[in-house]
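Student: Shown below is the structure under consideration.
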Amino acid sequence: MSNMTNKLENAGGDLTARALREAFYAGLISLGLFFLFVGLKSDQNILNELILVQRWGLLAVFVIVAAVGRFFVVAYLQPLNARRKASKDAAATTETREGYIKRNFTVIAGVLLILYPILAVALFGVQGSLKWVDNFGIQILIYVMLAWGLNIVVGLAGLLDLGYVAFYAVGAYSYALLSSHFGLSFWLLLPIAGLLAACWGVVLGFPVLRLRGDYLAIVTLAFGEIIRLVLINWTEVTKGTFGVSGIAKASVFGIWSFDISAPNNFAKYFDLPMSSAYYKIFLFYLILALAALTAYVTIRLRRMPIGRAWEALREDEIACRSLGINTVTTKLTAFATGAMFGGFAGSFFAVRQGFVSPESFVFLESAVILAIVVLGGMGSLTGIAIAAVVMIGGTEILRELTFLKSIFGPDFTPELYRMLIFGLAMVVVMVWKPRGFVGSREPTAFLNERKAVSGSFTKEGHG
Amino acid sequence: MASATTTTAATTMTKDVILKVEHLSMRFGGLMAINDFSFEAYRGEITALIGPNGAGKTTVFNCITGFYKPTMGMITMRQKSGKEYLLERLPDFEITKQAKVARTFQNIRLFSGLTVLENLLVAQHNNLMRASGYTILGLLGFPAYKQASKESIELAKHWLERASLIDRADDPAGDLPYGAQRRLEIARAMCTGPELLCLDEPAAGLNPRESLALNDLLQGVRKDTGASILLIEHDMSVVMEISDHVVVLEYGQKISDGNPEFVKNDPKVIAAYLGVEDDEVEDVIAEVEGEEGGLK
Ligand SMILES: Nc1ncnc2c1ncn2[C@@H]1O[C@H](COP(=O)(O)OP(=O)(O)OP(=O)(O)O)[C@@H](O)[C@H]1O
Ligand SMILES: [Mg+2]
């Protein structure tokens, strides 16, 4: 180890020279790349004439970022990684004890999440907490729940589903329509929405059972689009692109309501000043409970024969059949269970927005949810939660980065770069951790000791 | 050939048939992989199916275990209880679940990302599903499932010990050495509780020591569980040592059928198979065919 560092230090001069050289090349390449994309911009002037706007400053920023970035990667990051890898290889033989935080991750995360709205209120006041609870907390938790639901289909059963958002839509519209037509309460409609979505999961499951891999992916994608198009075109029921608005709010089990006019209004009952923050905090705990339910059921199911059959199906379908496992029902239950959680999340979405329209259920949503599952490490609940926080939280933070305006000028809106950064982050993570944040798999049963299964042995499934 | 048939006929009277294959044919496009193939396997015996490469042995297995639907023919499985199943009519998973026929694969098919123990638990899927009330009762924490789950681990432990894999129980199956993977696949098949175990070249690629361990495992399986074994094997020494009954297949047709001693001395088998290097097989086949023509 010390040898290694010595060698690295001796090579220090060399390294800086190499880093500078590579930084120069990177700058050159980015100059070539961005010259036309960034340096010049076609625009219209007041007379509606096409003119070229020159943005040399912005171009310079791009080039400098590329050059400096490359310099840091070559000069610091690469040696650091090499060193870390060397020490890891050395330590690989000796069993490393996991740190306290790692061992109790779930408990710590749970406690932090429960305290989160309280902390937000304490730090930013009732009104100021709104942004943190709603934009960050609820938004991220919805995606955590969706990704956990999709994880059952993709991560455990190994069936690539590109149309997951369809079940989210079924759940949302089930709640929106049934509550506005029949005035049923959220607590009754939540299981109904889940059941309806599960039924649609089976409906989707049947035709795609015989398909594998790419074909399965394409058909599920088409299914997602069909649902969306039905929502757009079946105007008598769904009101088409206008969407369904004025969806009833959820109540605390019917005891306290969040309707301003209701006699049992939460704020009135407790003599609190009127604010929408209470409802958001309630929604936060609601989605937290729903996500926790998803996690709990997933963990339990993995230890049951059906969960093991899902994972076995991902590993080798033919071997499954040779062991007497009915792969048809096994796949259908995976689709149905995943879809059910999508339906729960969907009805929560409707309650939170108070408005649903087909706009919210585009393919991009499916892609984002799938990306979170893949980035997190297929099958790992912890990894997926981390991925959701990084990807959704990261893109939400972009909205907060107003200081960027002072660098890139007042026209710069960081949100517009959301997808660009999302994609970039995905590439980076996949290069850095090809198996996702948590690549290893927890065994569901053990005789002597629970040893995580390295990602190099697990398969992704073939559809 | 005629004498072989009489031996079979004689033994049928005394022995209990577990699997009866009649006039089995399997066609792939223009290729007749199996052509009017009939044989019987007896309860409690180790029956070997041998033959040169491409003779159609794996295809016979795939027909028996439902992975291929035969073009023609009938496959009857008779259980100890006397219940009979027509295997060519059952879907593949029902053949294991109901007819109690388990199999292994020529190119090992383990769940490599699951641990050794989990592989054996997956094999007990149907029992555990029933015990867990098709998941629902198990999810609610009914004690019946807990008991069944404990028993399933005991059964897995039993087979791990038999296959001398108990030390590796918590390792991923994909991490085992080749010989151990072969034994695990057999242990996994046994965990489904079969009456007939079909093994596709279990000794392929094993070193002599592993081969010996495999023989012990198979003899033990037969003695203790009463399961009958049908195995495909290339290695004649293994076949001669452990099997009670040998069926020889060549170009999809049966060329000999009888006890090992009889088959070993059958001139057709000798010509087609025994004592000939792999690369010489073709020459010998040509020669034999010439001779046969002369004889006729
Ligand atoms: N699914 C299939 N489609 C087309 N042809 C097939 C198929 N399966 C097997 N065959 C052909 O059937 C013939 C018999 O193959 P089979 O695998 O049964 O031979 P085998 O006796 O098991 O040989 P080996 O000793 O090499 O395992 C071969 O010519 C093979 O190419
Ligand atoms: Mg074969």
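In the structure tokens, chains take the letters A, B, ... in the order shown, each chain's residues start at 1, and ligands count up from 1 in the order shown.
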Which residues are near region 336-352 of chain A? Cut-off 8 Å, only C-alpha atoms, ignore same chain within fewer than 6 positions. Put them as a ChimeraX atom specification.
Tutor: /A:142,145-146,149-153,164-165,167-176,186,189-191,193-202,247-250,283,287,290,294
Student: Hey, list the chain A side of the contact with chain B: 10 Å cut-off, only C-alpha atoms, answer as a count of residues only.
Tutor: 49
Student: To test your reading of the structure, identify every residue in region 4-208 of chain A that backbone DSSP assigns to strand (DSSP E or B), and report it as JSON, numbers by chain.
Tutor: {"A": [40, 41, 42, 43, 44, 50, 51, 52, 53, 54]}
Student: Write as a list in words the residues around ligand 2, taking 8 Å as the cut-off and counting only C-alpha atoms and all ligand atoms.
Tutor: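 Counting only what the definition allows, namely only C-alpha atoms and all ligand atoms, the set is Asn53, Gly54, Gly56, Lys57, Thr58, Thr59, Gln106, Asp200, Glu201 and Ile232 of chain B.
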Student: Looking at B:Leu231, B:Ala163, B:Met72, B:Leu212, which one is nearest to Glu45 (chain B), with distances taken over only C-alpha atoms?
Tutor: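 Using only C-alpha atoms, the shortest distance to Glu45 (chain B) belongs to B:Leu231.
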Student: Enumerate residues in contact with ligand 1: an atom-to-atom distance of at most 10 Å, counting only C-alpha atoms and all ligand atoms. Format the result as a short mmCIF file (atom, residue, chain, number, x, y, z; two decimals) with C-alpha atoms, in the first residue's frame.
Tutor:
data_model
loop_
_atom_site.label_atom_id
_atom_site.label_comp_id
_atom_site.auth_asym_id
_atom_site.auth_seq_id
_atom_site.Cartn_x
_atom_site.Cartn_y
_atom_site.Cartn_z
CA MET B 26 -39.90 -36.60 -33.21
CA ARG B 27 -39.39 -34.67 -36.39
CA PHE B 28 -37.60 -31.33 -36.71
CA GLY B 29 -38.42 -30.07 -40.19
CA GLY B 30 -36.85 -32.61 -42.48
CA LEU B 31 -34.85 -34.30 -39.74
CA MET B 32 -36.28 -37.37 -38.04
CA ALA B 33 -34.47 -37.00 -34.74
CA ILE B 34 -36.26 -39.99 -33.22
CA LEU B 49 -29.82 -44.43 -22.48
CA ILE B 50 -26.63 -44.40 -24.52
CA GLY B 51 -25.68 -43.62 -28.06
CA PRO B 52 -23.24 -41.60 -30.13
CA ASN B 53 -23.42 -37.81 -30.44
CA GLY B 54 -26.57 -36.56 -32.08
CA ALA B 55 -28.33 -39.89 -31.69
CA GLY B 56 -31.36 -38.17 -30.20
CA LYS B 57 -30.95 -38.97 -26.51
CA THR B 58 -31.60 -35.45 -25.27
CA THR B 59 -34.55 -35.22 -27.61
CA VAL B 60 -36.04 -38.34 -25.99
CA PHE B 61 -35.61 -36.66 -22.60
CA ASN B 62 -37.22 -33.49 -23.83
CA CYS B 63 -40.20 -35.49 -25.06
CA PHE B 67 -40.23 -29.69 -23.34
CA TYR B 68 -40.95 -31.06 -26.82
CA GLN B 106 -26.99 -31.52 -20.34
CA ASN B 107 -25.72 -27.96 -19.99
CA ASP B 200 -28.78 -35.89 -18.97
CA GLU B 201 -25.07 -36.76 -18.97
CA ILE B 232 -27.97 -40.51 -20.54
CA GLU B 233 -24.30 -41.20 -20.44
CA HIS B 234 -21.34 -41.24 -22.77
CA LEU B 249 -29.93 -45.32 -29.54
CA GLU B 250 -28.38 -44.51 -32.88
CA TYR B 251 -29.74 -42.09 -35.45
CA GLY B 252 -32.99 -41.92 -33.54
#
Student: By how many Å are CA of Val389 (chain A) and CA of Val427 (chain A) apart?
Tutor: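 Taking CA of Val389 (chain A) and CA of Val427 (chain A), their separation equals 16.9 Å.
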Student: Any chance you could list, as a PyMOL selection string, the residues in region 23-133 of chain A that come up helix (DSSP H, G or I) when DSSP is run on the backbone?
Tutor: chain A and resi 23-39+56-91+100-103+105-133
Student: Restricting the calculation to only C-alpha atoms: of B:Gly220, B:Pro143, B:Gly133, B:Pro70, which residue gets closest to His23 (chain B)?
Tutor: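 Nearest to His23 (chain B): B:Pro70.
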Student: Using Å and a single decimal, report how far CA of Leu176 (chain B) sits from CA of Leu230 (chain B).
Tutor: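 So the two atoms, CA of Leu230 (chain B) and CA of Leu176 (chain B), lie 25.1 Å apart.
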Student: May I ask for the distance between CA of Ala48 (chain B) and CA of Ser256 (chain B), given in Å to one decimal place?
Tutor: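 Between CA of Ala48 (chain B) and CA of Ser256 (chain B) the gap works out to 11.7 Å.
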Student: Which one is closest to Ser180 (chain A): A:Gly224, A:Gly128, A:Gly354, A:Phe72? Count only C-alpha atoms.
Tutor: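 Nearest candidate to Ser180 (chain A) out of A:Gly224, A:Gly128, A:Gly354, A:Phe72: A:Gly354.
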